[in-house]
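Q: If you scroll down you'll find the structure; I have some questions about it.
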Amino acid sequence: MIGLGIETSCDETSLGIVKDGKELLSLKIFSQIDLHKPFRGIVPEIASRAHLEKINPLLSEVLEESGLKLSDLDYVAVTRSPGLTGSLMIGAQLARSIHAVYGTPIIPLCHLQAHFAVLHLEGVEPVFPVLGLLLSGGNSAIYRIPHFGKMEVVGDTMDDALGEAFDKVAGLLTLPYPGGPPIEKEASKYVPGPKEKDLLPPLLRNLEQDRVAFSFSGLKTAVSHLIAKQPELSTQAVCYHFQKSAFELVERNLKRAVSITGIKRILAGGGVLANSTLRNRLSQFAEKNSLEFFSPQKKIYCTDNGAMVAALGYYLFKQGYSKSLDFTVSPVRQETYI
Ligand code: AMP
Ligand code: MG
């Protein structure tokens, strides 16, 4: 079964073609980072205009690379939530157009779940239930996933997402946007002293023991105070301590989510999972606690992409979920549709 995946929720225009939910035939991503860079954040109007310009050329490219015609597609999966409404509409309209001409079933989906389905393109078997850890520019959450098409929130962020915190802290340190890659690079050059104390406070230290939650806006403020109070600190030291504090909360939350749900299989995704320090830390944590932990090996699969949408579309279509023209887009995540 061959499916096209369309992703236009935010600042990547991406199309992917996938066979049987596990074999990639073609993937193209146009990243809009350079367009948003001058504003150090995503400008919705610029995003939707860029999607509109790029989406048809990318469609031609994935069809050419896979040697397929639109009439060969068994389904068209498209991100319907969450995201910028104007951007989501561009992808939705392409799916509707293909449906109008070829009658291809449309699988409108929540792309947060797609971050977990992409792992099946790297050989991970679809076994449920699983815990899904999502850390991206707009989301930080842990979900219990009984099957694709349903997610229950185990813990969510109270304010900023982790990727957003990376981007804002990079701004404080006059590092480029987006902040994840330069902060990771600076932090990795730092060698802490043998008994070096943490320079930033533990996050959410008063949270009830049985709760899972993220909060990163206080960390950003703490970094700005640290820089003001100790201007002699190197950028490398600040980046190292910022990552340490943030990742400690991620690990603590994962530990609690495992103990609350009893689920020992974890799938992780989202742009922040491109961070090697985080991946290594979580892999070691999983090994120590006899957990199964999977995150994308290819960094391109961490970011929003059409292949993950096509992959999740396959598992939803197999469960009988499909729509025709009558679906809407939404800025809010959709937890359940099957
Ligand atoms: P997404 O929202 O999934 O497209 O991911 C984008 C977010 O991931 C941005 O906030 C980036 O700063 C963040 N990000 C990208 N690479 C890294 C990295 N190596 N370490 C931490 N965060 C990253
Ligand atoms: Mg993005």
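By order in the structure tokens, chains are A, B, ...; within a chain, residues start at 1; ligands start at 1, following the order shown.
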Name each residue within 9 Å of ligand 1, counting only C-alpha atoms and all ligand atoms, as an mmCIF file with all heavy atoms, in the first residue's frame.
A:
data_model
loop_
_atom_site.group_PDB
_atom_site.id
_atom_site.type_symbol
_atom_site.label_atom_id
_atom_site.label_comp_id
_atom_site.auth_asym_id
_atom_site.auth_seq_id
_atom_site.Cartn_x
_atom_site.Cartn_y
_atom_site.Cartn_z
ATOM 1 N N CYS A 10 4.044 23.960 10.334
ATOM 2 C CA CYS A 10 4.788 25.071 10.908
ATOM 3 C C CYS A 10 5.811 25.620 9.923
ATOM 4 O O CYS A 10 5.437 26.282 8.962
ATOM 5 C CB CYS A 10 5.424 24.589 12.211
ATOM 6 S SG CYS A 10 6.046 25.915 13.208
ATOM 7 N N ASP A 11 7.090 25.312 10.119
ATOM 8 C CA ASP A 11 8.111 25.947 9.288
ATOM 9 C C ASP A 11 8.857 24.965 8.401
ATOM 10 O O ASP A 11 9.939 25.267 7.919
ATOM 11 C CB ASP A 11 9.089 26.741 10.164
ATOM 12 C CG ASP A 11 9.821 25.861 11.157
ATOM 13 O OD1 ASP A 11 9.321 24.760 11.452
ATOM 14 O OD2 ASP A 11 10.889 26.264 11.637
ATOM 15 N N GLU A 12 8.298 23.775 8.190
ATOM 16 C CA GLU A 12 8.850 22.875 7.174
ATOM 17 C C GLU A 12 7.737 22.557 6.188
ATOM 18 O O GLU A 12 6.637 22.203 6.600
ATOM 19 C CB GLU A 12 9.327 21.536 7.780
ATOM 20 C CG GLU A 12 10.653 21.602 8.510
ATOM 21 C CD GLU A 12 10.489 21.871 9.993
ATOM 22 O OE1 GLU A 12 9.341 21.774 10.477
ATOM 23 O OE2 GLU A 12 11.492 22.187 10.639
ATOM 24 N N HIS A 115 5.236 11.643 14.946
ATOM 25 C CA HIS A 115 6.630 11.581 15.403
ATOM 26 C C HIS A 115 6.982 10.200 15.957
ATOM 27 O O HIS A 115 8.149 9.841 16.025
ATOM 28 C CB HIS A 115 6.878 12.640 16.481
ATOM 29 C CG HIS A 115 7.081 14.011 15.914
ATOM 30 N ND1 HIS A 115 8.217 14.369 15.231
ATOM 31 C CD2 HIS A 115 6.287 15.108 15.902
ATOM 32 C CE1 HIS A 115 8.119 15.633 14.836
ATOM 33 N NE2 HIS A 115 6.952 16.102 15.232
ATOM 34 N N LEU A 134 7.491 13.536 23.496
ATOM 35 C CA LEU A 134 7.585 14.497 22.399
ATOM 36 C C LEU A 134 8.222 15.787 22.890
ATOM 37 O O LEU A 134 7.696 16.439 23.803
ATOM 38 C CB LEU A 134 6.185 14.787 21.858
ATOM 39 C CG LEU A 134 6.202 15.723 20.654
ATOM 40 C CD1 LEU A 134 6.779 15.010 19.449
ATOM 41 C CD2 LEU A 134 4.821 16.216 20.334
ATOM 42 N N LEU A 135 9.350 16.144 22.294
ATOM 43 C CA LEU A 135 10.032 17.387 22.674
ATOM 44 C C LEU A 135 10.357 18.145 21.401
ATOM 45 O O LEU A 135 11.233 17.730 20.625
ATOM 46 C CB LEU A 135 11.317 17.076 23.443
ATOM 47 C CG LEU A 135 11.133 16.304 24.764
ATOM 48 C CD1 LEU A 135 12.482 15.837 25.296
ATOM 49 C CD2 LEU A 135 10.415 17.150 25.809
ATOM 50 N N SER A 136 9.635 19.244 21.177
ATOM 51 C CA SER A 136 9.845 19.985 19.933
ATOM 52 C C SER A 136 9.820 21.483 20.213
ATOM 53 O O SER A 136 9.860 21.905 21.378
ATOM 54 C CB SER A 136 8.765 19.593 18.927
ATOM 55 O OG SER A 136 7.514 20.061 19.365
ATOM 56 N N GLY A 137 9.710 22.266 19.133
ATOM 57 C CA GLY A 137 9.674 23.717 19.304
ATOM 58 C C GLY A 137 8.374 24.195 19.929
ATOM 59 O O GLY A 137 8.331 25.240 20.570
ATOM 60 N N GLY A 138 7.308 23.431 19.749
ATOM 61 C CA GLY A 138 6.005 23.863 20.258
ATOM 62 C C GLY A 138 5.397 22.947 21.306
ATOM 63 O O GLY A 138 4.365 23.273 21.886
ATOM 64 N N ASN A 139 6.008 21.784 21.539
ATOM 65 C CA ASN A 139 5.400 20.801 22.448
ATOM 66 C C ASN A 139 6.439 20.122 23.323
ATOM 67 O O ASN A 139 7.547 19.834 22.874
ATOM 68 C CB ASN A 139 4.691 19.705 21.631
ATOM 69 C CG ASN A 139 3.535 20.271 20.826
ATOM 70 O OD1 ASN A 139 2.429 20.399 21.317
ATOM 71 N ND2 ASN A 139 3.831 20.656 19.591
ATOM 72 N N ALA A 161 7.700 25.239 25.591
ATOM 73 C CA ALA A 161 8.214 23.935 25.160
ATOM 74 C C ALA A 161 9.736 23.964 25.279
ATOM 75 O O ALA A 161 10.346 25.039 25.318
ATOM 76 C CB ALA A 161 7.800 23.673 23.722
ATOM 77 N N LEU A 162 10.348 22.763 25.312
ATOM 78 C CA LEU A 162 11.801 22.725 25.488
ATOM 79 C C LEU A 162 12.540 23.361 24.295
ATOM 80 O O LEU A 162 13.513 24.099 24.482
ATOM 81 C CB LEU A 162 12.267 21.285 25.730
ATOM 82 C CG LEU A 162 13.754 21.086 25.981
ATOM 83 C CD1 LEU A 162 14.303 22.037 27.041
ATOM 84 C CD2 LEU A 162 14.053 19.638 26.379
ATOM 85 N N GLY A 163 12.070 23.096 23.078
ATOM 86 C CA GLY A 163 12.731 23.695 21.900
ATOM 87 C C GLY A 163 12.662 25.217 21.946
ATOM 88 O O GLY A 163 13.627 25.910 21.601
ATOM 89 N N GLU A 164 11.530 25.701 22.400
ATOM 90 C CA GLU A 164 11.331 27.151 22.549
ATOM 91 C C GLU A 164 12.333 27.716 23.569
ATOM 92 O O GLU A 164 12.900 28.798 23.373
ATOM 93 C CB GLU A 164 9.900 27.333 23.053
ATOM 94 C CG GLU A 164 9.336 28.696 23.073
ATOM 95 C CD GLU A 164 7.884 28.645 23.614
ATOM 96 O OE1 GLU A 164 7.303 27.544 23.775
ATOM 97 O OE2 GLU A 164 7.358 29.727 23.900
ATOM 98 N N ALA A 165 12.563 26.972 24.657
ATOM 99 C CA ALA A 165 13.531 27.414 25.671
ATOM 100 C C ALA A 165 14.936 27.465 25.067
ATOM 101 O O ALA A 165 15.696 28.409 25.311
ATOM 102 C CB ALA A 165 13.484 26.481 26.879
ATOM 103 N N PHE A 166 15.290 26.455 24.261
ATOM 104 C CA PHE A 166 16.595 26.477 23.569
ATOM 105 C C PHE A 166 16.695 27.747 22.710
ATOM 106 O O PHE A 166 17.723 28.423 22.701
ATOM 107 C CB PHE A 166 16.750 25.240 22.672
ATOM 108 C CG PHE A 166 17.445 24.082 23.345
ATOM 109 C CD1 PHE A 166 16.731 23.110 24.009
ATOM 110 C CD2 PHE A 166 18.825 23.958 23.305
ATOM 111 C CE1 PHE A 166 17.364 22.042 24.622
ATOM 112 C CE2 PHE A 166 19.484 22.896 23.913
ATOM 113 C CZ PHE A 166 18.743 21.930 24.576
ATOM 114 N N ASP A 167 15.614 28.042 21.981
ATOM 115 C CA ASP A 167 15.647 29.193 21.063
ATOM 116 C C ASP A 167 15.786 30.508 21.835
ATOM 117 O O ASP A 167 16.526 31.404 21.431
ATOM 118 C CB ASP A 167 14.388 29.207 20.184
ATOM 119 C CG ASP A 167 14.318 27.979 19.280
ATOM 120 O OD1 ASP A 167 15.376 27.369 19.034
ATOM 121 O OD2 ASP A 167 13.211 27.632 18.830
ATOM 122 N N LYS A 168 15.066 30.629 22.968
ATOM 123 C CA LYS A 168 15.111 31.877 23.737
ATOM 124 C C LYS A 168 16.445 32.042 24.463
ATOM 125 O O LYS A 168 16.994 33.141 24.534
ATOM 126 C CB LYS A 168 13.949 31.913 24.728
ATOM 127 C CG LYS A 168 12.615 32.142 24.033
ATOM 128 C CD LYS A 168 11.472 32.105 25.011
ATOM 129 C CE LYS A 168 10.145 32.428 24.322
ATOM 130 N NZ LYS A 168 9.000 32.134 25.197
ATOM 131 N N ALA A 170 19.265 30.811 23.523
ATOM 132 C CA ALA A 170 20.257 31.165 22.487
ATOM 133 C C ALA A 170 20.222 32.668 22.228
ATOM 134 O O ALA A 170 21.265 33.301 22.041
ATOM 135 C CB ALA A 170 19.974 30.392 21.198
ATOM 136 N N TYR A 177 19.692 31.587 15.639
ATOM 137 C CA TYR A 177 18.392 30.920 15.682
ATOM 138 C C TYR A 177 18.365 29.847 14.594
ATOM 139 O O TYR A 177 18.870 30.110 13.504
ATOM 140 C CB TYR A 177 17.274 31.945 15.436
ATOM 141 C CG TYR A 177 15.915 31.337 15.250
ATOM 142 C CD1 TYR A 177 15.108 31.079 16.349
ATOM 143 C CD2 TYR A 177 15.450 30.976 13.982
ATOM 144 C CE1 TYR A 177 13.855 30.492 16.188
ATOM 145 C CE2 TYR A 177 14.196 30.396 13.817
ATOM 146 C CZ TYR A 177 13.419 30.157 14.917
ATOM 147 O OH TYR A 177 12.183 29.569 14.763
ATOM 148 N N PRO A 178 17.768 28.691 14.778
ATOM 149 C CA PRO A 178 17.222 28.173 16.024
ATOM 150 C C PRO A 178 18.322 27.771 16.997
ATOM 151 O O PRO A 178 19.434 27.410 16.595
ATOM 152 C CB PRO A 178 16.412 26.955 15.558
ATOM 153 C CG PRO A 178 17.026 26.533 14.268
ATOM 154 C CD PRO A 178 17.608 27.747 13.643
ATOM 155 N N GLY A 179 17.994 27.818 18.283
ATOM 156 C CA GLY A 179 19.020 27.732 19.313
ATOM 157 C C GLY A 179 19.530 26.341 19.642
ATOM 158 O O GLY A 179 20.602 26.209 20.245
ATOM 159 N N GLY A 180 18.785 25.310 19.280
ATOM 160 C CA GLY A 180 19.184 23.945 19.665
ATOM 161 C C GLY A 180 20.597 23.571 19.235
ATOM 162 O O GLY A 180 21.456 23.276 20.085
ATOM 163 N N PRO A 181 20.874 23.597 17.927
ATOM 164 C CA PRO A 181 22.206 23.164 17.474
ATOM 165 C C PRO A 181 23.369 23.974 18.064
ATOM 166 O O PRO A 181 24.332 23.374 18.557
ATOM 167 C CB PRO A 181 22.112 23.273 15.948
ATOM 168 C CG PRO A 181 20.640 23.092 15.666
ATOM 169 C CD PRO A 181 19.931 23.761 16.804
ATOM 170 N N PRO A 182 23.322 25.354 18.067
ATOM 171 C CA PRO A 182 24.484 26.053 18.644
ATOM 172 C C PRO A 182 24.632 25.820 20.149
ATOM 173 O O PRO A 182 25.765 25.733 20.648
ATOM 174 C CB PRO A 182 24.217 27.534 18.340
ATOM 175 C CG PRO A 182 22.778 27.638 18.018
ATOM 176 C CD PRO A 182 22.373 26.320 17.451
ATOM 177 N N ILE A 183 23.534 25.688 20.883
ATOM 178 C CA ILE A 183 23.661 25.443 22.333
ATOM 179 C C ILE A 183 24.280 24.056 22.565
ATOM 180 O O ILE A 183 25.184 23.890 23.385
ATOM 181 C CB ILE A 183 22.291 25.572 23.049
ATOM 182 C CG1 ILE A 183 21.887 27.048 23.102
ATOM 183 C CG2 ILE A 183 22.340 24.955 24.458
ATOM 184 C CD1 ILE A 183 20.638 27.359 23.889
ATOM 185 N N GLU A 184 23.827 23.083 21.798
ATOM 186 C CA GLU A 184 24.399 21.742 21.949
ATOM 187 C C GLU A 184 25.904 21.763 21.664
ATOM 188 O O GLU A 184 26.701 21.174 22.400
ATOM 189 C CB GLU A 184 23.699 20.753 21.003
ATOM 190 C CG GLU A 184 24.352 19.382 21.071
ATOM 191 C CD GLU A 184 23.698 18.313 20.205
ATOM 192 O OE1 GLU A 184 22.853 18.647 19.356
ATOM 193 O OE2 GLU A 184 24.062 17.141 20.388
ATOM 194 N N LYS A 185 26.285 22.498 20.626
ATOM 195 C CA LYS A 185 27.697 22.567 20.228
ATOM 196 C C LYS A 185 28.540 23.216 21.332
ATOM 197 O O LYS A 185 29.602 22.690 21.714
ATOM 198 C CB LYS A 185 27.805 23.367 18.934
ATOM 199 C CG LYS A 185 29.095 23.178 18.208
ATOM 200 C CD LYS A 185 28.993 23.752 16.808
ATOM 201 C CE LYS A 185 30.392 24.031 16.289
ATOM 202 N NZ LYS A 185 30.397 25.022 15.245
ATOM 203 N N GLN A 243 21.481 22.866 29.635
ATOM 204 C CA GLN A 243 21.091 21.539 29.145
ATOM 205 C C GLN A 243 20.944 20.560 30.301
ATOM 206 O O GLN A 243 20.008 19.768 30.355
ATOM 207 C CB GLN A 243 22.138 20.989 28.170
ATOM 208 C CG GLN A 243 22.083 21.581 26.804
ATOM 209 C CD GLN A 243 22.782 20.737 25.741
ATOM 210 O OE1 GLN A 243 22.589 20.953 24.572
ATOM 211 N NE2 GLN A 243 23.608 19.787 26.124
ATOM 212 N N GLY A 269 10.407 11.526 20.020
ATOM 213 C CA GLY A 269 10.554 12.265 18.771
ATOM 214 C C GLY A 269 10.379 13.758 18.959
ATOM 215 O O GLY A 269 10.083 14.234 20.055
ATOM 216 N N GLY A 270 10.562 14.501 17.867
ATOM 217 C CA GLY A 270 10.483 15.966 17.905
ATOM 218 C C GLY A 270 11.882 16.539 17.730
ATOM 219 O O GLY A 270 12.884 15.860 17.999
ATOM 220 N N GLY A 271 11.942 17.799 17.293
ATOM 221 C CA GLY A 271 13.212 18.439 16.949
ATOM 222 C C GLY A 271 14.290 18.355 18.011
ATOM 223 O O GLY A 271 15.475 18.211 17.691
ATOM 224 N N VAL A 272 13.917 18.412 19.295
ATOM 225 C CA VAL A 272 14.926 18.431 20.369
ATOM 226 C C VAL A 272 15.633 17.061 20.495
ATOM 227 O O VAL A 272 16.755 16.983 20.988
ATOM 228 C CB VAL A 272 14.277 18.858 21.718
ATOM 229 C CG1 VAL A 272 15.301 18.899 22.829
ATOM 230 C CG2 VAL A 272 13.603 20.224 21.578
ATOM 231 N N LEU A 273 14.987 16.001 19.986
ATOM 232 C CA LEU A 273 15.624 14.682 20.050
ATOM 233 C C LEU A 273 16.818 14.574 19.101
ATOM 234 O O LEU A 273 17.533 13.571 19.100
ATOM 235 C CB LEU A 273 14.599 13.576 19.764
ATOM 236 C CG LEU A 273 13.967 12.905 20.997
ATOM 237 C CD1 LEU A 273 15.022 12.283 21.906
ATOM 238 C CD2 LEU A 273 13.100 13.833 21.793
ATOM 239 N N ALA A 274 17.044 15.616 18.296
ATOM 240 C CA ALA A 274 18.269 15.652 17.477
ATOM 241 C C ALA A 274 19.483 15.861 18.373
ATOM 242 O O ALA A 274 20.621 15.681 17.941
ATOM 243 C CB ALA A 274 18.170 16.775 16.454
ATOM 244 N N ASN A 275 19.271 16.220 19.627
ATOM 245 C CA ASN A 275 20.363 16.525 20.564
ATOM 246 C C ASN A 275 21.016 15.230 21.073
ATOM 247 O O ASN A 275 20.381 14.431 21.768
ATOM 248 C CB ASN A 275 19.782 17.337 21.726
ATOM 249 C CG ASN A 275 20.851 17.871 22.658
ATOM 250 O OD1 ASN A 275 21.547 17.095 23.297
ATOM 251 N ND2 ASN A 275 20.979 19.179 22.726
ATOM 252 N N SER A 276 22.280 15.043 20.745
ATOM 253 C CA SER A 276 22.962 13.787 21.088
ATOM 254 C C SER A 276 23.131 13.608 22.583
ATOM 255 O O SER A 276 23.056 12.481 23.095
ATOM 256 C CB SER A 276 24.343 13.728 20.441
ATOM 257 O OG SER A 276 24.211 13.942 19.080
ATOM 258 N N THR A 277 23.377 14.711 23.311
ATOM 259 C CA THR A 277 23.549 14.608 24.761
ATOM 260 C C THR A 277 22.256 14.069 25.387
ATOM 261 O O THR A 277 22.288 13.196 26.256
ATOM 262 C CB THR A 277 23.876 15.996 25.367
ATOM 263 O OG1 THR A 277 24.930 16.563 24.599
ATOM 264 C CG2 THR A 277 24.252 15.916 26.822
ATOM 265 N N LEU A 278 21.122 14.564 24.918
ATOM 266 C CA LEU A 278 19.827 14.102 25.437
ATOM 267 C C LEU A 278 19.571 12.643 25.060
ATOM 268 O O LEU A 278 19.169 11.829 25.897
ATOM 269 C CB LEU A 278 18.701 14.990 24.891
ATOM 270 C CG LEU A 278 17.283 14.560 25.275
ATOM 271 C CD1 LEU A 278 17.068 14.654 26.786
ATOM 272 C CD2 LEU A 278 16.235 15.407 24.555
ATOM 273 N N LYS A 299 18.559 12.213 11.869
ATOM 274 C CA LYS A 299 18.122 13.493 12.452
ATOM 275 C C LYS A 299 16.963 14.096 11.668
ATOM 276 O O LYS A 299 16.114 14.792 12.221
ATOM 277 C CB LYS A 299 19.294 14.469 12.546
ATOM 278 C CG LYS A 299 20.246 14.040 13.662
ATOM 279 C CD LYS A 299 21.206 15.111 14.112
ATOM 280 C CE LYS A 299 21.991 14.592 15.319
ATOM 281 N NZ LYS A 299 23.008 15.492 15.784
ATOM 282 N N CYS A 302 13.681 13.522 13.101
ATOM 283 C CA CYS A 302 13.301 14.206 14.344
ATOM 284 C C CYS A 302 12.418 15.405 14.021
ATOM 285 O O CYS A 302 11.466 15.698 14.721
ATOM 286 C CB CYS A 302 14.538 14.693 15.097
ATOM 287 S SG CYS A 302 15.527 13.362 15.772
ATOM 288 N N THR A 303 12.768 16.084 12.960
ATOM 289 C CA THR A 303 12.039 17.294 12.608
ATOM 290 C C THR A 303 10.726 16.929 11.907
ATOM 291 O O THR A 303 10.507 15.787 11.522
ATOM 292 C CB THR A 303 12.953 18.178 11.717
ATOM 293 O OG1 THR A 303 12.457 19.481 11.731
ATOM 294 C CG2 THR A 303 13.021 17.690 10.293
ATOM 295 N N ASP A 304 9.820 17.890 11.769
ATOM 296 C CA ASP A 304 8.552 17.624 11.079
ATOM 297 C C ASP A 304 8.828 17.220 9.628
ATOM 298 O O ASP A 304 9.602 17.894 8.944
ATOM 299 C CB ASP A 304 7.682 18.894 11.087
ATOM 300 C CG ASP A 304 7.219 19.239 12.499
ATOM 301 O OD1 ASP A 304 7.089 18.325 13.333
ATOM 302 O OD2 ASP A 304 6.972 20.430 12.753
ATOM 303 N N ASN A 305 8.193 16.155 9.170
ATOM 304 C CA ASN A 305 8.450 15.694 7.807
ATOM 305 C C ASN A 305 7.271 14.892 7.263
ATOM 306 O O ASN A 305 6.469 14.348 8.025
ATOM 307 C CB ASN A 305 9.738 14.856 7.767
ATOM 308 C CG ASN A 305 9.583 13.553 8.524
ATOM 309 O OD1 ASN A 305 9.093 12.578 7.972
ATOM 310 N ND2 ASN A 305 9.944 13.525 9.807
#
Q: Which of region 88-117 of chain A end up as strand (DSSP E or B) when DSSP is run on this backbone - answer as a PyMOL selection string?
A: chain A and resi 106-110
Q: Determine, using only C-alpha atoms, which residues of region 228-302 of chain A have any atom at most 10 Å from an atom of region 201-204 of chain A, and tabulate each with its shortest atom pair and distance in Å to one decimal place, rows ordered by chain and then rising number, as JSON lines.
A:
{"residue": "A:His241", "atom": "CA", "partner": "A:Pro201", "partner_atom": "CA", "distance": 9.6}
{"residue": "A:Phe242", "atom": "CA", "partner": "A:Pro201", "partner_atom": "CA", "distance": 9.7}
{"residue": "A:Lys244", "atom": "CA", "partner": "A:Pro202", "partner_atom": "CA", "distance": 9.4}
{"residue": "A:Ser245", "atom": "CA", "partner": "A:Pro202", "partner_atom": "CA", "distance": 6.1}
{"residue": "A:Ala246", "atom": "CA", "partner": "A:Leu203", "partner_atom": "CA", "distance": 7.5}
{"residue": "A:Phe247", "atom": "CA", "partner": "A:Leu203", "partner_atom": "CA", "distance": 9.9}
{"residue": "A:Glu248", "atom": "CA", "partner": "A:Pro202", "partner_atom": "CA", "distance": 7.9}
{"residue": "A:Leu249", "atom": "CA", "partner": "A:Leu203", "partner_atom": "CA", "distance": 6.4}
{"residue": "A:Val250", "atom": "CA", "partner": "A:Leu203", "partner_atom": "CA", "distance": 9.9}
Q: Restricting the calculation to only C-alpha atoms and all ligand atoms: of A:Pro57, A:Gly41, A:Pro129, A:Pro331, which residue gets closest to ligand 2?
A: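 Between A:Pro57, A:Gly41, A:Pro129, A:Pro331, the residue approaching ligand 2 most closely is A:Gly41.
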Q: So which one's closest to Thr235 (chain A), A:Thr104, A:Ser188, A:Ser330, A:Ser81? Using only C-alpha atoms, please.
A: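 So, comparing all the options, the nearest one is A:Ser188.
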Q: My list of candidates is A:Thr261, A:Ser26, A:Ser295, A:Gln32. Which is closest to ligand 2 when distances are computed with only C-alpha atoms and all ligand atoms?
A: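 Closest candidate: A:Gln32.
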Q: Excluding same-chain residues fewer than 5 positions from Arg211 (chain A), what lies within 10 Å of it counting only C-alpha atoms, as a ChimeraX atom specification?
A: /A:154-155,253,256-257,260
Q: Would you please work out which residue, of A:Phe294, A:Pro176, A:Asp20, A:Leu109, is nearest to Ile33 (chain A) when using only C-alpha atoms?
A: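 Smallest distance to Ile33 (chain A) is found for A:Pro176.
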Q: Find the residue from A:Val62, A:Leu112, A:Cys239, A:Val76 that sits nearest to ligand 2; use only C-alpha atoms and all ligand atoms when measuring.
A: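 Under the stated criterion, the closest residue is A:Leu112.
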Q: Going by DSSP on the backbone, which bits of region 64-190 of chain A are helix (DSSP H, G or I)? Write them as a ChimeraX atom specification, please.
A: /A:64-66,70-72,85-102,111-122,162-172,180-188
